[in-house]
$ cat run_38.tsv   # TSV, C-alpha atoms and all ligand atoms
chain	number	residue	atom	x	y	z
A	1	MET	CA	16.69	103.37	99.06
A	2	ILE	CA	19.68	101.91	97.27
A	3	THR	CA	18.68	100.32	94.01
A	4	GLU	CA	20.36	99.07	90.87
A	5	GLU	CA	19.11	102.11	88.99
A	6	MET	CA	21.03	104.64	91.04
A	7	VAL	CA	23.08	107.02	88.92
A	8	THR	CA	26.14	109.07	89.81
A	9	GLN	CA	24.07	112.07	90.90
A	10	ASP	CA	22.14	109.92	93.40
A	11	PHE	CA	25.32	108.80	95.13
A	12	ILE	CA	26.59	112.36	95.24
A	13	GLN	CA	23.31	113.62	96.70
A	14	LEU	CA	23.28	110.93	99.38
A	15	GLU	CA	26.82	111.75	100.36
A	16	GLU	CA	26.20	115.48	100.43
A	17	LYS	CA	23.06	115.06	102.50
A	18	TYR	CA	24.31	112.65	105.14
A	19	GLY	CA	28.06	113.25	105.27
A	20	ALA	CA	30.17	115.99	106.80
A	21	HIS	CA	31.61	118.15	104.04
A	22	ASN	CA	35.29	117.96	104.92
A	23	TYR	CA	36.34	116.93	101.38
A	24	HIS	CA	35.71	118.23	97.87
A	25	PRO	CA	36.09	115.07	95.76
A	26	LEU	CA	35.98	114.81	92.00
A	27	ASN	CA	32.55	113.58	90.97
A	28	VAL	CA	33.47	110.04	90.04
A	29	VAL	CA	31.84	107.21	92.00
A	30	ILE	CA	34.19	104.25	92.10
A	31	GLU	CA	32.81	100.76	92.39
A	32	ARG	CA	35.82	98.49	91.90
A	33	ALA	CA	39.51	98.58	91.07
A	34	GLU	CA	42.36	96.41	89.94
A	35	GLY	CA	46.05	97.30	89.67
A	36	VAL	CA	46.34	100.82	88.25
A	37	TRP	CA	42.74	100.93	87.02
A	38	VAL	CA	39.55	101.96	88.81
A	39	TYR	CA	36.01	101.59	87.46
A	40	ASP	CA	33.02	103.82	88.17
A	41	ILE	CA	29.44	102.66	88.66
A	42	ASP	CA	28.79	102.97	84.92
A	43	GLY	CA	31.74	100.75	84.07
A	44	ASN	CA	34.00	103.58	82.85
A	45	ARG	CA	37.66	102.88	83.38
A	46	TYR	CA	40.20	105.37	84.78
A	47	LEU	CA	43.94	105.25	85.30
A	48	ASP	CA	44.50	106.08	88.97
A	49	CYS	CA	47.28	108.66	89.14
A	50	LEU	CA	46.80	109.45	92.82
A	51	ALA	CA	46.92	105.92	94.26
A	52	ALA	CA	45.09	107.11	97.39
A	53	TYR	CA	47.86	109.56	98.22
A	54	SER	CA	50.42	106.74	97.77
A	55	ALA	CA	48.63	104.22	100.00
A	56	VAL	CA	48.06	101.96	97.00
A	57	ASN	CA	51.67	101.69	95.79
A	58	GLN	CA	51.23	97.94	95.28
A	59	GLY	CA	48.20	98.49	93.01
A	60	HIS	CA	44.53	98.17	93.86
A	61	CYS	CA	43.39	94.87	95.35
A	62	HIS	CA	46.73	93.16	94.87
A	63	PRO	CA	45.76	89.46	94.69
A	64	ARG	CA	48.44	88.32	97.14
A	65	ILE	CA	47.50	90.96	99.72
A	66	ILE	CA	43.77	90.26	99.32
A	67	LYS	CA	44.40	86.53	99.76
A	68	VAL	CA	46.21	87.13	103.06
A	69	LEU	CA	43.49	89.59	104.13
A	70	LYS	CA	40.79	86.97	103.57
A	71	GLU	CA	42.70	84.15	105.21
A	72	GLN	CA	43.65	86.18	108.26
A	73	ALA	CA	40.13	87.64	108.56
A	74	GLU	CA	38.79	84.13	108.96
A	75	LYS	CA	41.26	83.29	111.73
A	76	VAL	CA	41.47	86.27	114.08
A	77	THR	CA	41.25	90.01	113.42
A	78	LEU	CA	41.78	91.74	116.75
A	79	THR	CA	43.23	90.61	120.03
A	80	SER	CA	44.12	94.03	121.45
A	81	ARG	CA	47.60	94.33	122.83
A	82	ALA	CA	46.40	92.95	126.16
A	83	PHE	CA	47.21	89.59	124.58
A	84	ARG	CA	49.79	88.57	122.01
A	85	ASN	CA	49.07	87.41	118.46
A	86	ASN	CA	51.09	85.30	116.05
A	87	GLN	CA	51.42	87.94	113.28
A	88	LEU	CA	52.84	91.01	115.01
A	89	PRO	CA	56.17	89.40	116.00
A	90	PHE	CA	56.87	88.61	112.34
A	91	LEU	CA	55.90	92.10	111.23
A	92	TYR	CA	58.41	93.52	113.76
A	93	LYS	CA	61.15	91.18	112.56
A	94	GLU	CA	60.49	91.72	108.86
A	95	LEU	CA	60.35	95.51	109.27
A	96	SER	CA	63.66	95.41	111.09
A	97	GLU	CA	65.29	93.20	108.46
A	98	LEU	CA	63.99	95.35	105.61
A	99	THR	CA	64.84	98.75	107.08
A	100	GLY	CA	67.76	98.14	109.42
A	101	TYR	CA	66.04	99.70	112.43
A	102	GLU	CA	66.16	97.66	115.64
A	103	ILE	CA	62.54	98.02	116.71
A	104	SER	CA	59.22	99.54	115.67
A	105	LEU	CA	55.88	100.60	117.11
A	106	PRO	CA	52.70	99.89	115.14
A	107	MET	CA	49.72	102.24	114.92
A	108	ASN	CA	46.90	102.68	112.41
A	109	SER	CA	46.74	106.06	110.69
A	110	GLY	CA	49.71	108.14	109.65
A	111	ALA	CA	48.74	110.92	112.04
A	112	GLU	CA	48.85	108.49	114.96
A	113	ALA	CA	52.33	107.37	113.96
A	114	VAL	CA	53.46	111.01	113.77
A	115	GLU	CA	52.01	111.62	117.24
A	116	THR	CA	53.86	108.53	118.44
A	117	ALA	CA	57.16	109.79	117.04
A	118	LEU	CA	56.62	113.20	118.67
A	119	LYS	CA	55.90	111.56	122.03
A	120	ALA	CA	58.98	109.35	121.69
A	121	ALA	CA	61.13	112.38	120.86
A	122	ARG	CA	59.87	114.35	123.84
A	123	LYS	CA	60.34	111.48	126.24
A	124	TRP	CA	63.81	110.79	124.81
A	125	GLY	CA	64.56	114.47	125.35
A	126	TYR	CA	63.63	114.35	129.02
A	127	LYS	CA	64.95	110.90	129.93
A	128	ILE	CA	68.07	110.62	127.77
A	129	LYS	CA	69.12	114.07	126.58
A	130	GLY	CA	68.28	115.70	129.91
A	131	VAL	CA	65.99	118.53	128.80
A	132	GLU	CA	64.27	120.33	131.67
A	133	GLN	CA	60.69	119.17	132.29
A	134	ASP	CA	58.08	120.52	129.83
A	135	LYS	CA	60.66	122.56	127.93
A	136	ALA	CA	61.13	120.26	124.92
A	137	GLU	CA	61.04	121.90	121.49
A	138	ILE	CA	60.50	120.21	118.16
A	139	ILE	CA	61.45	121.96	114.93
A	140	THR	CA	59.22	121.58	111.89
A	141	CYS	CA	59.15	123.18	108.44
A	142	THR	CA	56.80	125.65	106.84
A	143	ASN	CA	54.47	124.12	104.24
A	144	ASN	CA	54.59	120.78	106.10
A	145	PHE	CA	51.90	118.13	106.16
A	146	ALA	CA	51.84	115.48	108.88
A	147	GLY	CA	48.15	114.84	109.48
A	148	ARG	CA	45.13	116.49	111.07
A	149	THR	CA	45.16	115.99	114.83
A	150	ILE	CA	45.22	119.09	117.02
A	151	THR	CA	48.88	118.64	117.91
A	152	ILE	CA	49.85	118.15	114.28
A	153	VAL	CA	47.90	121.15	112.99
A	154	SER	CA	49.54	123.11	115.81
A	155	PHE	CA	52.67	123.25	113.65
A	156	SER	CA	50.91	123.51	110.29
A	157	THR	CA	51.43	126.74	108.36
A	158	GLU	CA	48.29	126.16	106.29
A	159	ALA	CA	45.76	128.68	107.61
A	160	GLN	CA	42.75	126.51	106.74
A	161	TYR	CA	44.10	123.51	108.63
A	162	ARG	CA	44.18	125.63	111.82
A	163	ASP	CA	41.27	128.03	111.45
A	164	GLY	CA	38.78	127.35	114.21
A	165	PHE	CA	40.76	124.60	115.92
A	166	GLY	CA	42.80	126.41	118.57
A	167	PRO	CA	44.09	126.45	121.25
A	168	PHE	CA	47.12	124.62	119.93
A	169	THR	CA	49.81	122.40	121.41
A	170	PRO	CA	52.92	124.39	122.33
A	171	GLY	CA	56.50	123.23	121.83
A	172	PHE	CA	56.89	123.56	118.05
A	173	LYS	CA	58.98	125.97	116.06
A	174	ASN	CA	58.66	126.39	112.29
A	175	ILE	CA	61.57	127.18	110.01
A	176	PRO	CA	61.65	127.49	106.21
A	177	TYR	CA	61.93	124.18	104.34
A	178	ASN	CA	65.13	123.60	102.37
A	179	ASP	CA	67.13	125.97	104.61
A	180	ALA	CA	69.82	124.22	106.66
A	181	GLU	CA	71.13	127.51	108.08
A	182	ALA	CA	67.70	128.23	109.55
A	183	LEU	CA	67.80	124.85	111.29
A	184	LYS	CA	71.21	125.59	112.78
A	185	LYS	CA	69.92	128.92	114.12
A	186	ALA	CA	66.67	127.50	115.50
A	187	ILE	CA	68.26	124.78	117.65
A	188	THR	CA	68.49	125.50	121.38
A	189	LYS	CA	69.46	123.36	124.35
A	190	ASN	CA	65.80	122.31	124.56
A	191	THR	CA	65.50	121.08	120.98
A	192	VAL	CA	64.76	117.37	120.92
A	193	ALA	CA	63.89	116.73	117.30
A	194	PHE	CA	63.63	117.98	113.74
A	195	LEU	CA	60.62	116.54	111.89
A	196	VAL	CA	60.86	116.72	108.10
A	197	GLU	CA	59.37	115.26	104.91
A	198	PRO	CA	62.16	114.29	102.48
A	199	ILE	CA	59.89	115.64	99.73
A	200	GLN	CA	56.89	117.72	100.77
A	201	GLY	CA	53.92	115.86	99.33
A	202	GLU	CA	50.76	117.75	100.23
A	203	GLY	CA	52.81	120.95	100.10
A	204	GLY	CA	52.96	120.49	96.32
A	205	VAL	CA	55.63	117.83	95.65
A	206	ILE	CA	58.40	120.17	96.78
A	207	VAL	CA	61.82	118.58	96.23
A	208	PRO	CA	64.52	120.23	98.34
A	209	SER	CA	67.97	121.04	96.94
A	210	GLU	CA	70.45	118.22	96.69
A	211	GLY	CA	72.43	118.05	99.92
A	212	TYR	CA	69.77	119.68	102.11
A	213	LEU	CA	68.72	116.55	103.96
A	214	ARG	CA	72.35	115.53	104.45
A	215	GLN	CA	73.22	118.99	105.86
A	216	ALA	CA	70.17	119.03	108.12
A	217	TYR	CA	71.04	115.54	109.31
A	218	ASP	CA	74.63	116.54	110.12
A	219	ILE	CA	73.39	119.59	112.05
A	220	CYS	CA	71.06	117.37	114.08
A	221	LYS	CA	73.89	114.93	114.81
A	222	MET	CA	76.20	117.72	115.95
A	223	ASN	CA	73.57	119.06	118.35
A	224	ASN	CA	72.18	115.81	119.72
A	225	VAL	CA	68.82	116.45	118.08
A	226	LEU	CA	66.76	113.57	116.67
A	227	PHE	CA	66.26	113.62	112.91
A	228	ILE	CA	62.74	112.32	112.23
A	229	ALA	CA	61.82	111.57	108.61
A	230	ASP	CA	58.10	111.54	107.83
A	231	GLU	CA	58.14	108.98	105.02
A	232	ILE	CA	54.41	108.25	105.19
A	233	GLN	CA	53.92	109.43	101.61
A	234	THR	CA	57.48	109.33	100.20
A	235	GLY	CA	58.42	105.94	101.67
A	236	LEU	CA	57.95	102.35	100.52
A	237	GLY	CA	59.08	102.82	96.96
A	238	ARG	CA	57.16	105.90	95.95
A	239	THR	CA	60.27	107.92	95.02
A	240	GLY	CA	62.20	105.04	93.45
A	241	LYS	CA	63.98	103.95	96.62
A	242	LEU	CA	62.63	102.20	99.69
A	243	PHE	CA	62.90	105.58	101.46
A	244	ALA	CA	63.36	109.00	99.87
A	245	HIS	CA	66.06	109.89	102.42
A	246	GLN	CA	68.27	107.17	100.93
A	247	TYR	CA	69.04	109.50	98.01
A	248	GLU	CA	71.27	111.36	100.47
A	249	GLU	CA	72.63	108.31	102.24
A	250	ILE	CA	71.53	109.35	105.68
A	251	ARG	CA	70.07	107.23	108.44
A	252	PRO	CA	67.37	109.19	110.26
A	253	ASP	CA	67.01	108.43	113.97
A	254	VAL	CA	63.31	107.85	113.45
A	255	VAL	CA	61.35	106.99	110.29
A	256	ILE	CA	57.55	107.20	110.16
A	257	ILE	CA	55.67	105.03	107.66
A	258	GLY	CA	51.99	104.42	106.91
A	259	LYS	CA	49.86	104.55	103.77
A	260	ALA	CA	51.45	101.87	101.49
A	261	LEU	CA	52.46	99.77	104.50
A	262	SER	CA	49.18	97.96	103.92
A	263	GLY	CA	48.95	98.34	100.15
A	264	GLY	CA	45.79	100.35	100.71
A	265	CYS	CA	43.97	97.39	102.20
A	266	TYR	CA	43.79	98.44	105.83
A	267	PRO	CA	45.06	101.32	107.98
A	268	VAL	CA	48.52	100.36	109.26
A	269	SER	CA	51.32	102.73	110.24
A	270	ALA	CA	54.54	102.38	112.20
A	271	VAL	CA	57.40	104.25	113.79
A	272	LEU	CA	60.82	102.76	113.11
A	273	SER	CA	63.82	103.48	115.30
A	274	ASP	CA	66.37	101.93	117.63
A	275	LYS	CA	66.09	100.76	121.23
A	276	GLU	CA	67.81	103.86	122.54
A	277	ILE	CA	64.89	105.98	121.32
A	278	LEU	CA	61.72	103.84	121.08
A	279	GLY	CA	62.91	102.03	124.19
A	280	VAL	CA	61.77	105.06	126.23
A	281	PHE	CA	58.21	103.72	126.10
A	282	ASN	CA	57.27	101.56	129.05
A	283	PRO	CA	54.09	99.46	129.33
A	284	GLY	CA	51.18	101.88	129.70
A	285	ASP	CA	53.00	104.92	128.28
A	286	HIS	CA	51.32	104.75	124.90
A	287	GLY	CA	48.99	102.50	122.95
A	288	SER	CA	46.13	101.92	120.56
A	289	THR	CA	43.32	99.36	120.61
A	290	PHE	CA	43.81	98.43	116.95
A	291	GLY	CA	47.55	99.12	116.65
A	292	GLY	CA	49.45	95.91	115.87
A	293	ASN	CA	46.31	93.83	115.35
A	294	PRO	CA	46.83	90.48	113.61
A	295	LEU	CA	44.77	91.39	110.53
A	296	GLY	CA	46.73	94.59	109.93
A	297	ALA	CA	50.03	92.89	110.73
A	298	ALA	CA	49.40	90.03	108.29
A	299	ILE	CA	48.38	92.50	105.55
A	300	ALA	CA	51.43	94.72	106.18
A	301	ARG	CA	53.76	91.70	106.03
A	302	GLU	CA	52.43	90.68	102.63
A	303	SER	CA	52.37	94.29	101.37
A	304	LEU	CA	56.08	94.65	102.12
A	305	LYS	CA	56.85	91.31	100.50
A	306	VAL	CA	55.10	92.09	97.22
A	307	LEU	CA	56.71	95.53	97.11
A	308	VAL	CA	60.16	93.95	97.23
A	309	GLU	CA	59.61	90.64	95.43
A	310	GLU	CA	57.75	92.18	92.51
A	311	LYS	CA	60.44	94.84	92.10
A	312	MET	CA	58.02	97.73	92.44
A	313	ILE	CA	60.67	100.03	93.89
A	314	GLU	CA	62.92	99.53	90.85
A	315	ASN	CA	59.92	100.03	88.56
A	316	SER	CA	59.17	103.32	90.32
A	317	PHE	CA	62.77	104.45	89.78
A	318	THR	CA	62.93	103.54	86.10
A	319	LEU	CA	59.44	104.47	84.93
A	320	GLY	CA	59.40	107.55	87.15
A	321	LYS	CA	62.40	108.87	85.25
A	322	TYR	CA	60.69	108.09	81.95
A	323	PHE	CA	57.37	109.67	82.98
A	324	LYS	CA	59.07	112.83	84.20
A	325	GLU	CA	61.20	113.15	81.08
A	326	LYS	CA	58.18	112.81	78.83
A	327	LEU	CA	56.13	115.28	80.88
A	328	ASN	CA	59.00	117.70	80.54
A	329	GLN	CA	58.81	117.41	76.76
A	330	ILE	CA	55.17	118.53	76.67
A	331	LYS	CA	55.05	122.02	75.23
A	332	SER	CA	52.24	123.68	77.10
A	333	PRO	CA	51.82	127.38	77.84
A	334	HIS	CA	50.49	126.38	81.27
A	335	ILE	CA	53.43	124.40	82.68
A	336	LYS	CA	55.83	126.18	85.00
A	337	GLU	CA	57.84	123.19	86.23
A	338	VAL	CA	57.88	119.39	86.31
A	339	ARG	CA	59.59	117.93	89.38
A	340	GLY	CA	59.79	114.85	91.54
A	341	LYS	CA	61.58	111.57	92.14
A	342	GLY	CA	60.50	108.13	91.00
A	343	LEU	CA	56.76	107.92	90.44
A	344	PHE	CA	56.20	110.94	92.68
A	345	ILE	CA	55.81	113.77	90.19
A	346	GLY	CA	54.35	117.24	90.45
A	347	VAL	CA	53.50	119.41	87.47
A	348	GLU	CA	53.29	123.00	88.64
A	349	LEU	CA	51.15	125.24	86.50
A	350	LYS	CA	51.63	128.95	86.02
A	351	PRO	CA	49.32	131.24	88.02
A	352	GLU	CA	47.71	132.32	84.71
A	353	ALA	CA	46.49	128.73	84.24
A	354	ARG	CA	43.79	129.53	86.85
A	355	GLY	CA	44.34	126.51	89.07
A	356	ALA	CA	44.98	122.80	88.60
A	357	ARG	CA	41.44	121.69	89.49
A	358	ARG	CA	39.95	122.31	86.03
A	359	PHE	CA	42.80	120.33	84.45
A	360	CYS	CA	42.12	117.44	86.84
A	361	GLU	CA	38.47	117.56	85.83
A	362	ALA	CA	39.43	117.51	82.15
A	363	LEU	CA	41.79	114.60	82.76
A	364	MET	CA	38.99	112.72	84.51
A	365	ARG	CA	36.82	113.08	81.41
A	366	LYS	CA	39.66	111.47	79.45
A	367	GLY	CA	40.01	108.58	81.90
A	368	ILE	CA	42.79	109.73	84.22
A	369	LEU	CA	42.27	110.42	87.91
A	370	CYS	CA	44.51	113.08	89.43
A	371	LYS	CA	44.04	115.48	92.29
A	372	GLU	CA	45.20	119.04	92.43
A	373	THR	CA	47.65	119.75	95.22
A	374	HIS	CA	48.05	123.26	96.55
A	375	GLU	CA	46.01	125.09	93.88
A	376	ASN	CA	48.55	124.98	91.07
A	377	VAL	CA	50.12	121.53	91.16
A	378	ILE	CA	48.90	118.35	89.48
A	379	ARG	CA	50.39	115.32	91.21
A	380	PHE	CA	51.13	112.18	89.18
A	381	ALA	CA	51.64	109.30	91.58
A	382	PRO	CA	50.18	106.11	90.08
A	383	PRO	CA	50.51	102.69	91.69
A	384	LEU	CA	54.10	101.45	91.31
A	385	VAL	CA	52.93	98.48	89.22
A	386	ILE	CA	52.22	100.76	86.27
A	387	LYS	CA	53.65	99.67	82.88
A	388	LYS	CA	55.38	101.78	80.25
A	389	GLU	CA	52.44	101.36	77.82
A	390	GLU	CA	50.08	102.69	80.47
A	391	ILE	CA	52.30	105.71	81.04
A	392	ASP	CA	52.35	106.32	77.28
A	393	TRP	CA	48.56	106.06	77.24
A	394	ALA	CA	48.39	108.63	80.05
A	395	LEU	CA	50.94	110.95	78.45
A	396	GLU	CA	48.89	111.23	75.27
A	397	ARG	CA	45.90	112.39	77.27
A	398	VAL	CA	47.87	114.64	79.60
A	399	GLU	CA	49.38	116.36	76.58
A	400	GLU	CA	45.96	116.86	75.03
A	401	VAL	CA	44.62	118.41	78.21
A	402	LEU	CA	47.61	120.59	78.95
A	403	THR	CA	47.75	121.96	75.42
A	404	SER	CA	44.03	122.45	74.79
A	405	VAL	CA	42.17	123.31	78.02
A	501	LIG	C1	49.15	111.32	104.62
A	501	LIG	C2	50.27	111.83	105.43
A	501	LIG	C3	50.22	111.84	106.83
A	501	LIG	C4	48.98	111.46	107.60
A	501	LIG	O1	48.52	110.19	107.36
A	501	LIG	P1	46.98	109.81	107.70
A	501	LIG	O2	46.94	108.32	107.50
A	501	LIG	O3	46.14	110.55	106.72
A	501	LIG	O4	46.72	110.23	109.09
A	501	LIG	C5	51.33	112.27	107.52
A	501	LIG	N1	52.43	112.67	106.88
A	501	LIG	C6	52.53	112.70	105.53
A	501	LIG	C7	53.79	113.15	104.88
A	501	LIG	C8	51.44	112.30	104.77
A	501	LIG	O5	51.50	112.37	103.44

$ encode --input "run_38.tsv" --output "structure tokens"
Amino acid sequence: MITEEMVTQDFIQLEEKYGAHNYHPLNVVIERAEGVWVYDIDGNRYLDCLAAYSAVNQGHCHPRIIKVLKEQAEKVTLTSRAFRNNQLPFLYKELSELTGYEISLPMNSGAEAVETALKAARKWGYKIKGVEQDKAEIITCTNNFAGRTITIVSFSTEAQYRDGFGPFTPGFKNIPYNDAEALKKAITKNTVAFLVEPIQGEGGVIVPSEGYLRQAYDICKMNNVLFIADEIQTGLGRTGKLFAHQYEEIRPDVVIIGKALSGGCYPVSAVLSDKEILGVFNPGDHGSTFGGNPLGAAIARESLKVLVEEKMIENSFTLGKYFKEKLNQIKSPHIKEVRGKGLFIGVELKPEARGARRFCEALMRKGILCKETHENVIRFAPPLVIKKEEIDWALERVEEVLTSV
């Protein structure tokens, strides 16, 4: 029975007993949150430096987004796409005006949007490029992360993501990340697309060399191959620009967004492109019961507005630089490298540090929530509404942990 007297261990036991064990969370039980702060059931306060893998860029429970959520929830939540609703048309228009892409296709989770982009690329390959039936190839990069569906883990190079889940979807070819030559060599007449993260997030905040995305883009253009940017984690201000690919002044053929598209208030994702590509979908080709629903659309519209109007992208750029600089000044025997763009920062620890997890646990005890990424990397990706004083507060504690643990 759930009672007022329940303590942290009770919640953990319930979860362990009745839930599937597909995650290994830190043992903090969160009850409420506001902006960059989350509070556990005992009222302890933590600075959220994960921001739900960048889904909460706008800060927890942003009052403007919550207001729209409540208002729309009382009007209509779901119509299905069998009928039209009065929110989706505006989301389409506002996405187009913000990003410069002609049209978009709404889904719910990031993985669904990736699947949508892959389907669009294949169909574009057959109908427009003229690839022979069922021969389409899509090039992906080692160390990628694009979600957990069977097709997506088919091109994962993470053994655990695949172990026990075969047989896999054919038609993918992996090349090393940050290697434009490898892309050139891998392209054949059947290649329809190159799917890439501008910075590999789950892979450990891996920032490619300057010029890589531009080169890869040019190679795609020369070979009539679609350049698809997975900006689900890097997009919507996380790296200090609306999209991380804008650092190299390219215009991907397809951009995939999710996570912060709803400010963490609802699952909303989308594929952005032009008519020539997304126009390959005809009624019945693809769909989703919840995709484009009026509740999600209204929330996404407001989430984009607050991101821009409250200058969160600029804040990410400026304070990201500051945060990274200060992290770089920490003299710790454990740090191998500090890297990232905007408020998307990875601190890679040396192998001798025996993993990032114990540092994340120590940080939690000091009131900072981080999650280890790829064994040896601590990711710092707080909501983009963070203030300089809050970063200074965090830095003090990060320094203590990285110099004492
Ligand atoms: C999180 C993420 C996804 C998958 O999104 P889900 O909403 O978890 O399905 C895809 N690509 C990247 C780069 C991501 O970070």

$ closest_residue --input "run_38.tsv" --among "A:Gly35, A:Gly340, A:Gly19, A:Gly264" --to "Thr234 (chain A)" --atoms "only C-alpha atoms"
A:Gly340

$ closest_atom_pairs --input "run_38.tsv" --of "chain A" --to "ligand LIG 501 (chain A)" --cutoff "8 Å" --atoms "only C-alpha atoms and all ligand atoms" --output "tab-separated table"
residue	atom	partner	partner_atom	distance
A:Tyr53	CA	A:LIG501	C1	6.8
A:Asn108	CA	A:LIG501	O2	7.5
A:Ser109	CA	A:LIG501	O2	3.9
A:Gly110	CA	A:LIG501	O1	3.3
A:Ala111	CA	A:LIG501	O4	3.6
A:Glu112	CA	A:LIG501	O4	6.5
A:Ala113	CA	A:LIG501	O4	8.0
A:Val114	CA	A:LIG501	C5	6.7
A:Asn144	CA	A:LIG501	C7	7.8
A:Phe145	CA	A:LIG501	C7	5.5
A:Ala146	CA	A:LIG501	N1	3.5
A:Gly147	CA	A:LIG501	C4	4.0
A:Arg148	CA	A:LIG501	O4	6.8
A:Glu197	CA	A:LIG501	C7	6.0
A:Gln200	CA	A:LIG501	C7	6.9
A:Gly201	CA	A:LIG501	O5	5.9
A:Glu202	CA	A:LIG501	O5	6.3
A:Asp230	CA	A:LIG501	C7	5.5
A:Glu231	CA	A:LIG501	C7	6.0
A:Ile232	CA	A:LIG501	C6	4.8
A:Gln233	CA	A:LIG501	O5	4.2
A:Thr234	CA	A:LIG501	C7	7.1
A:Gly258	CA	A:LIG501	O2	6.4
A:Lys259	CA	A:LIG501	O2	6.1
A:Pro267	CA	A:LIG501	O2	7.3
A:Ser269	CA	A:LIG501	O2	7.6

$ write_last_selection --input "run_38.tsv" --atoms "C-alpha atoms" --output "mmCIF file, in the coordinates of the input"
data_model
loop_
_atom_site.group_PDB
_atom_site.id
_atom_site.type_symbol
_atom_site.label_atom_id
_atom_site.label_comp_id
_atom_site.auth_asym_id
_atom_site.auth_seq_id
_atom_site.Cartn_x
_atom_site.Cartn_y
_atom_site.Cartn_z
ATOM 1 C CA TYR A 53 47.860 109.560 98.220
ATOM 2 C CA ASN A 108 46.900 102.680 112.410
ATOM 3 C CA SER A 109 46.740 106.060 110.690
ATOM 4 C CA GLY A 110 49.710 108.140 109.650
ATOM 5 C CA ALA A 111 48.740 110.920 112.040
ATOM 6 C CA GLU A 112 48.850 108.490 114.960
ATOM 7 C CA ALA A 113 52.330 107.370 113.960
ATOM 8 C CA VAL A 114 53.460 111.010 113.770
ATOM 9 C CA ASN A 144 54.590 120.780 106.100
ATOM 10 C CA PHE A 145 51.900 118.130 106.160
ATOM 11 C CA ALA A 146 51.840 115.480 108.880
ATOM 12 C CA GLY A 147 48.150 114.840 109.480
ATOM 13 C CA ARG A 148 45.130 116.490 111.070
ATOM 14 C CA GLU A 197 59.370 115.260 104.910
ATOM 15 C CA GLN A 200 56.890 117.720 100.770
ATOM 16 C CA GLY A 201 53.920 115.860 99.330
ATOM 17 C CA GLU A 202 50.760 117.750 100.230
ATOM 18 C CA ASP A 230 58.100 111.540 107.830
ATOM 19 C CA GLU A 231 58.140 108.980 105.020
ATOM 20 C CA ILE A 232 54.410 108.250 105.190
ATOM 21 C CA GLN A 233 53.920 109.430 101.610
ATOM 22 C CA THR A 234 57.480 109.330 100.200
ATOM 23 C CA GLY A 258 51.990 104.420 106.910
ATOM 24 C CA LYS A 259 49.860 104.550 103.770
ATOM 25 C CA PRO A 267 45.060 101.320 107.980
ATOM 26 C CA SER A 269 51.320 102.730 110.240
#

$ closest_residue --input "run_38.tsv" --among "A:Ile368, A:Ala121, A:Leu261, A:Ala298" --to "Ile228 (chain A)" --atoms "all atoms listed in the file"
A:Ala121

$ closest_residue --input "run_38.tsv" --among "A:Ala180, A:Leu105, A:Ala117, A:Leu195" --to "Leu88 (chain A)" --atoms "all atoms listed in the file"
A:Leu105

$ closest_residue --input "run_38.tsv" --among "A:Ala244, A:Ala55, A:Ile138, A:Ile250" --to "Asn190 (chain A)" --atoms "only C-alpha atoms"
A:Ile138

$ closest_residue --input "run_38.tsv" --among "A:Ser288, A:Gln246, A:Thr239, A:Gln58" --to "Val306 (chain A)" --atoms "only C-alpha atoms"
A:Gln58

$ residues_around --input "run_38.tsv" --residues "Gly346 (chain A)" --least-positions-apart "5" --cutoff "7 Å" --atoms "only C-alpha atoms" --output "PyMOL selection string"
chain A and resi 204-205+338-340+377-380

$ atom_distance --input "run_38.tsv" --atom1 "CA of Ser273 (chain A)" --atom2 "CA of Ile187 (chain A)"
21.9 Å

$ residues_around --input "run_38.tsv" --residues "region 79-81 of chain A" --least-positions-apart "4" --cutoff "9 Å" --atoms "all atoms listed in the file" --output "PyMOL selection string"
chain A and resi 85+287-294

$ atom_distance --input "run_38.tsv" --atom1 "CA of Lys387 (chain A)" --atom2 "CA of Val36 (chain A)"
9.1 Å

$ closest_residue --input "run_38.tsv" --among "A:Arg397, A:Ile345, A:Pro333, A:Arg357" --to "His24 (chain A)" --atoms "only C-alpha atoms"
A:Arg357

$ atom_distance --input "run_38.tsv" --atom1 "CA of Lys129 (chain A)" --atom2 "CA of Ile219 (chain A)"
16.1 Å

$ closest_atom_pairs --input "run_38.tsv" --of "region 270-326 of chain A" --to "region 63-76 of chain A" --cutoff "9 Å" --atoms "only C-alpha atoms" --output "JSON lines"
{"residue": "A:Pro294", "atom": "CA", "partner": "A:Val76", "partner_atom": "CA", "distance": 6.8}
{"residue": "A:Leu295", "atom": "CA", "partner": "A:Gln72", "partner_atom": "CA", "distance": 5.8}
{"residue": "A:Gly296", "atom": "CA", "partner": "A:Leu69", "partner_atom": "CA", "distance": 8.3}
{"residue": "A:Ala298", "atom": "CA", "partner": "A:Val68", "partner_atom": "CA", "distance": 6.8}
{"residue": "A:Ile299", "atom": "CA", "partner": "A:Leu69", "partner_atom": "CA", "distance": 5.9}
{"residue": "A:Ala300", "atom": "CA", "partner": "A:Ile65", "partner_atom": "CA", "distance": 8.4}
{"residue": "A:Arg301", "atom": "CA", "partner": "A:Ile65", "partner_atom": "CA", "distance": 8.9}
{"residue": "A:Glu302", "atom": "CA", "partner": "A:Ile65", "partner_atom": "CA", "distance": 5.7}
{"residue": "A:Ser303", "atom": "CA", "partner": "A:Ile65", "partner_atom": "CA", "distance": 6.1}
{"residue": "A:Val306", "atom": "CA", "partner": "A:Arg64", "partner_atom": "CA", "distance": 7.7}

$ residues_around --input "run_38.tsv" --residues "Val131 (chain A)" --least-positions-apart "4" --cutoff "10 Å" --atoms "all atoms listed in the file" --output "PyMOL selection string"
chain A and resi 122-127+135-137+189-192
